[in-house]
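A.B. asks: Pasting a structure below so you can have a look.
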Amino acid sequence: MGGAMALTLAALAYPGMLGLSTVSSSPTRVIANTQWGPLTESDRDFVVKVRAAGLWEYPVGQIGLQKGSSKGVLTASRHLIDGHAALDTTCRKIAPMLNITLPNIASPQQEGFVNTLKSDSGKQFDTDFANILRMTHGAIFNTIAKIRSTTKNSLVRALADQANDTVLDHMTVMEKTGLVDFDQTLFQQTTPPKLPDTDLTPPPPAAGQPEVVLTPPPTATSTPVDIDAIAGGGNGPAPGASPAPTVR
């Protein structure tokens, strides 16, 4: 599994559009003041990461329903589709409110994971599926906790709450497949190979390109955050904040 198990959820933002190729040494630098609280570089990066994760894990869930040969993998596939559809709805709702540009295509590395699973079959598919997805969800889990504990933006905080529940659920269903090699998975999760930024960065959406929507399944059980309630009541405008994002 080697190369396919490389860490995927890192530096997932557009250098040109989001300015993340020349970020300051501190991810806590405030880049916009909004009525929902200040937005930092790490806040913005987090929203993009959640969106990018769904752009490859949602279709992997669809592939899993077609190719999975065990009950555990089929169950995990349904959870991927259900959870990422709901997260995507929240991301697409808050991104324009915070002036964040979202990708429509996953990064080359993430697409590499998809291609690996497309080429697999039988037991190999089930094993790669469980280990790759346990690794990637484990990698983002600590990031979610850090964002949730530090962000001052109520919209980002709400997304982090939802992402925490979803990622914990997805880690759990991967583990329940009985196929996770914890030694290898945790090593890959904590010691990823160094890859060029071009492999880790999803391409920006083409001008005029319709936004990709991850459609919830008919039997969806996950629900997006009620952003309208937060935006309407929320924490109220931050002192001295403008009614809309002011990007620096």
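Each chain in the structure tokens gets a letter, A, B, ..., in the order shown, and its residues are numbered from 1; ligands are numbered from 1 in order too.
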Can you pull out the residues contacting Thr89 in chain A? Cut-off 10 Å, using only C-alpha atoms, and skip same-chain residues under 5 positions away; I want them as a ChimeraX atom specification.

C.D. replies: /A:51,84,94,213-216,223-225

A.B. asks: Write the selection just made, keeping all heavy atoms, as an mmCIF file, in the first residue's frame?

C.D. replies:
data_model
loop_
_atom_site.group_PDB
_atom_site.id
_atom_site.type_symbol
_atom_site.label_atom_id
_atom_site.label_comp_id
_atom_site.auth_asym_id
_atom_site.auth_seq_id
_atom_site.Cartn_x
_atom_site.Cartn_y
_atom_site.Cartn_z
ATOM 1 N N ARG A 51 -13.865 20.391 2.692
ATOM 2 C CA ARG A 51 -14.443 20.292 1.344
ATOM 3 C C ARG A 51 -13.639 19.308 0.484
ATOM 4 O O ARG A 51 -14.201 18.438 -0.188
ATOM 5 C CB ARG A 51 -14.454 21.675 0.699
ATOM 6 C CG ARG A 51 -14.677 21.720 -0.806
ATOM 7 C CD ARG A 51 -16.078 21.336 -1.230
ATOM 8 N NE ARG A 51 -16.269 21.679 -2.650
ATOM 9 C CZ ARG A 51 -17.380 21.469 -3.334
ATOM 10 N NH1 ARG A 51 -18.416 20.901 -2.744
ATOM 11 N NH2 ARG A 51 -17.474 21.823 -4.600
ATOM 12 N N HIS A 84 -20.194 12.798 4.399
ATOM 13 C CA HIS A 84 -19.545 13.850 3.606
ATOM 14 C C HIS A 84 -20.552 14.688 2.829
ATOM 15 O O HIS A 84 -20.277 15.860 2.532
ATOM 16 C CB HIS A 84 -18.484 13.243 2.690
ATOM 17 C CG HIS A 84 -17.208 12.965 3.415
ATOM 18 N ND1 HIS A 84 -16.388 13.979 3.889
ATOM 19 C CD2 HIS A 84 -16.623 11.801 3.789
ATOM 20 C CE1 HIS A 84 -15.355 13.445 4.503
ATOM 21 N NE2 HIS A 84 -15.461 12.137 4.460
ATOM 22 N N ILE A 94 -21.158 28.042 4.321
ATOM 23 C CA ILE A 94 -20.383 29.051 5.037
ATOM 24 C C ILE A 94 -19.267 29.668 4.195
ATOM 25 O O ILE A 94 -18.829 30.782 4.492
ATOM 26 C CB ILE A 94 -19.785 28.483 6.344
ATOM 27 C CG1 ILE A 94 -18.667 27.470 6.079
ATOM 28 C CG2 ILE A 94 -20.883 27.873 7.212
ATOM 29 C CD1 ILE A 94 -17.944 27.018 7.335
ATOM 30 N N VAL A 213 -21.738 19.502 -6.200
ATOM 31 C CA VAL A 213 -22.579 19.256 -5.033
ATOM 32 C C VAL A 213 -22.564 17.769 -4.706
ATOM 33 O O VAL A 213 -22.804 16.939 -5.592
ATOM 34 C CB VAL A 213 -24.035 19.726 -5.282
ATOM 35 C CG1 VAL A 213 -24.926 19.352 -4.103
ATOM 36 C CG2 VAL A 213 -24.067 21.231 -5.537
ATOM 37 N N LEU A 214 -22.269 17.434 -3.479
ATOM 38 C CA LEU A 214 -22.313 16.043 -3.036
ATOM 39 C C LEU A 214 -23.723 15.769 -2.511
ATOM 40 O O LEU A 214 -24.090 16.194 -1.422
ATOM 41 C CB LEU A 214 -21.259 15.793 -1.953
ATOM 42 C CG LEU A 214 -19.816 16.160 -2.329
ATOM 43 C CD1 LEU A 214 -18.863 15.770 -1.208
ATOM 44 C CD2 LEU A 214 -19.404 15.512 -3.646
ATOM 45 N N THR A 215 -24.493 15.076 -3.305
ATOM 46 C CA THR A 215 -25.917 14.872 -3.019
ATOM 47 C C THR A 215 -26.134 13.881 -1.882
ATOM 48 O O THR A 215 -25.589 12.773 -1.918
ATOM 49 C CB THR A 215 -26.641 14.349 -4.269
ATOM 50 O OG1 THR A 215 -26.376 15.234 -5.361
ATOM 51 C CG2 THR A 215 -28.139 14.256 -4.035
ATOM 52 N N PRO A 216 -26.925 14.238 -0.881
ATOM 53 C CA PRO A 216 -27.216 13.298 0.205
ATOM 54 C C PRO A 216 -27.967 12.075 -0.319
ATOM 55 O O PRO A 216 -28.757 12.183 -1.253
ATOM 56 C CB PRO A 216 -28.099 14.110 1.155
ATOM 57 C CG PRO A 216 -27.815 15.539 0.818
ATOM 58 C CD PRO A 216 -27.526 15.554 -0.656
ATOM 59 N N THR A 223 -27.085 15.283 9.211
ATOM 60 C CA THR A 223 -27.694 16.561 8.842
ATOM 61 C C THR A 223 -26.651 17.678 8.894
ATOM 62 O O THR A 223 -25.774 17.670 9.765
ATOM 63 C CB THR A 223 -28.855 16.924 9.782
ATOM 64 O OG1 THR A 223 -28.379 16.917 11.144
ATOM 65 C CG2 THR A 223 -29.996 15.919 9.642
ATOM 66 N N PRO A 224 -26.742 18.632 7.969
ATOM 67 C CA PRO A 224 -25.825 19.781 7.996
ATOM 68 C C PRO A 224 -26.100 20.657 9.216
ATOM 69 O O PRO A 224 -27.145 20.552 9.864
ATOM 70 C CB PRO A 224 -26.156 20.528 6.697
ATOM 71 C CG PRO A 224 -26.941 19.564 5.871
ATOM 72 C CD PRO A 224 -27.655 18.673 6.832
ATOM 73 N N VAL A 225 -25.157 21.513 9.522
ATOM 74 C CA VAL A 225 -25.340 22.490 10.592
ATOM 75 C C VAL A 225 -26.417 23.490 10.178
ATOM 76 O O VAL A 225 -26.499 23.880 9.002
ATOM 77 C CB VAL A 225 -24.018 23.222 10.882
ATOM 78 C CG1 VAL A 225 -24.220 24.352 11.887
ATOM 79 C CG2 VAL A 225 -22.971 22.240 11.396
#

A.B. asks: Excluding Met97 in chain A and its own-chain neighbours fewer than 2 positions away, which residues fall within 10 Å of it when counting only C-alpha atoms? Please give them as JSON, numbers by chain.

C.D. replies: {"A": [34, 35, 36, 92, 93, 94, 95, 99, 100, 155, 231, 244, 245]}

A.B. asks: I'd like a table as a Markdown table: residues in range 49-107 of chain A with an atom no more than 12 Å from range 135-154 of chain A, each row giving the shortest atom pair and its distance in Å to one decimal, only C-alpha atoms counted, sorted by chain and rising residue number.

C.D. replies:
| residue | atom | partner | partner_atom | distance |
| --- | --- | --- | --- | --- |
| A:Lys49 | CA | A:Ile140 | CA | 8.7 |
| A:Val50 | CA | A:Ile140 | CA | 9.0 |
| A:Ala52 | CA | A:Ile140 | CA | 11.8 |
| A:Ala53 | CA | A:Thr136 | CA | 8.9 |
| A:Gly54 | CA | A:His137 | CA | 11.3 |
| A:Trp56 | CA | A:Thr136 | CA | 11.3 |
| A:Glu57 | CA | A:Thr136 | CA | 9.8 |
| A:Leu80 | CA | A:His137 | CA | 10.9 |
| A:His84 | CA | A:His137 | CA | 12.0 |
| A:Ile94 | CA | A:Ser154 | CA | 10.5 |
| A:Met97 | CA | A:Asn153 | CA | 11.7 |
| A:Leu98 | CA | A:Asn153 | CA | 9.8 |

A.B. asks: Which one is closest to Leu186 in chain A: A:Val48, A:Asn115, A:Leu133, A:Thr90? Count only C-alpha atoms.

C.D. replies: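 So, comparing all the options, the nearest one is A:Leu133.
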
A.B. asks: Just want the 12 Å neighbourhood of Phe129 in chain A, counted on only C-alpha atoms, with same-chain residues fewer than 6 positions away dropped. Output as a PyMOL selection string.

C.D. replies: chain A and resi 1+4-5+57+60-65+67-70+72-74+76-77+80+113-123+135-136+170-171+173-175+177-181+185

A.B. asks: If you run DSSP on this backbone, which residues of range 24-219 of chain A come out as strand (DSSP E or B), and could you give them as an mmCIF file with C-alpha atoms, in the first residue's frame?

C.D. replies:
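selection23.cif, written as the output of this step:
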data_model
loop_
_atom_site.group_PDB
_atom_site.id
_atom_site.type_symbol
_atom_site.label_atom_id
_atom_site.label_comp_id
_atom_site.auth_asym_id
_atom_site.auth_seq_id
_atom_site.Cartn_x
_atom_site.Cartn_y
_atom_site.Cartn_z
ATOM 1 C CA VAL A 30 -6.337 37.069 11.305
ATOM 2 C CA ILE A 31 -7.076 37.474 7.602
ATOM 3 C CA ALA A 32 -10.646 38.798 7.897
ATOM 4 C CA ASN A 33 -12.966 40.289 10.488
ATOM 5 C CA THR A 34 -16.518 39.026 10.149
ATOM 6 C CA GLY A 37 -15.785 36.443 14.648
ATOM 7 C CA PRO A 38 -12.269 36.813 13.237
ATOM 8 C CA LEU A 39 -11.163 34.385 10.533
ATOM 9 C CA THR A 40 -7.590 33.086 10.711
#
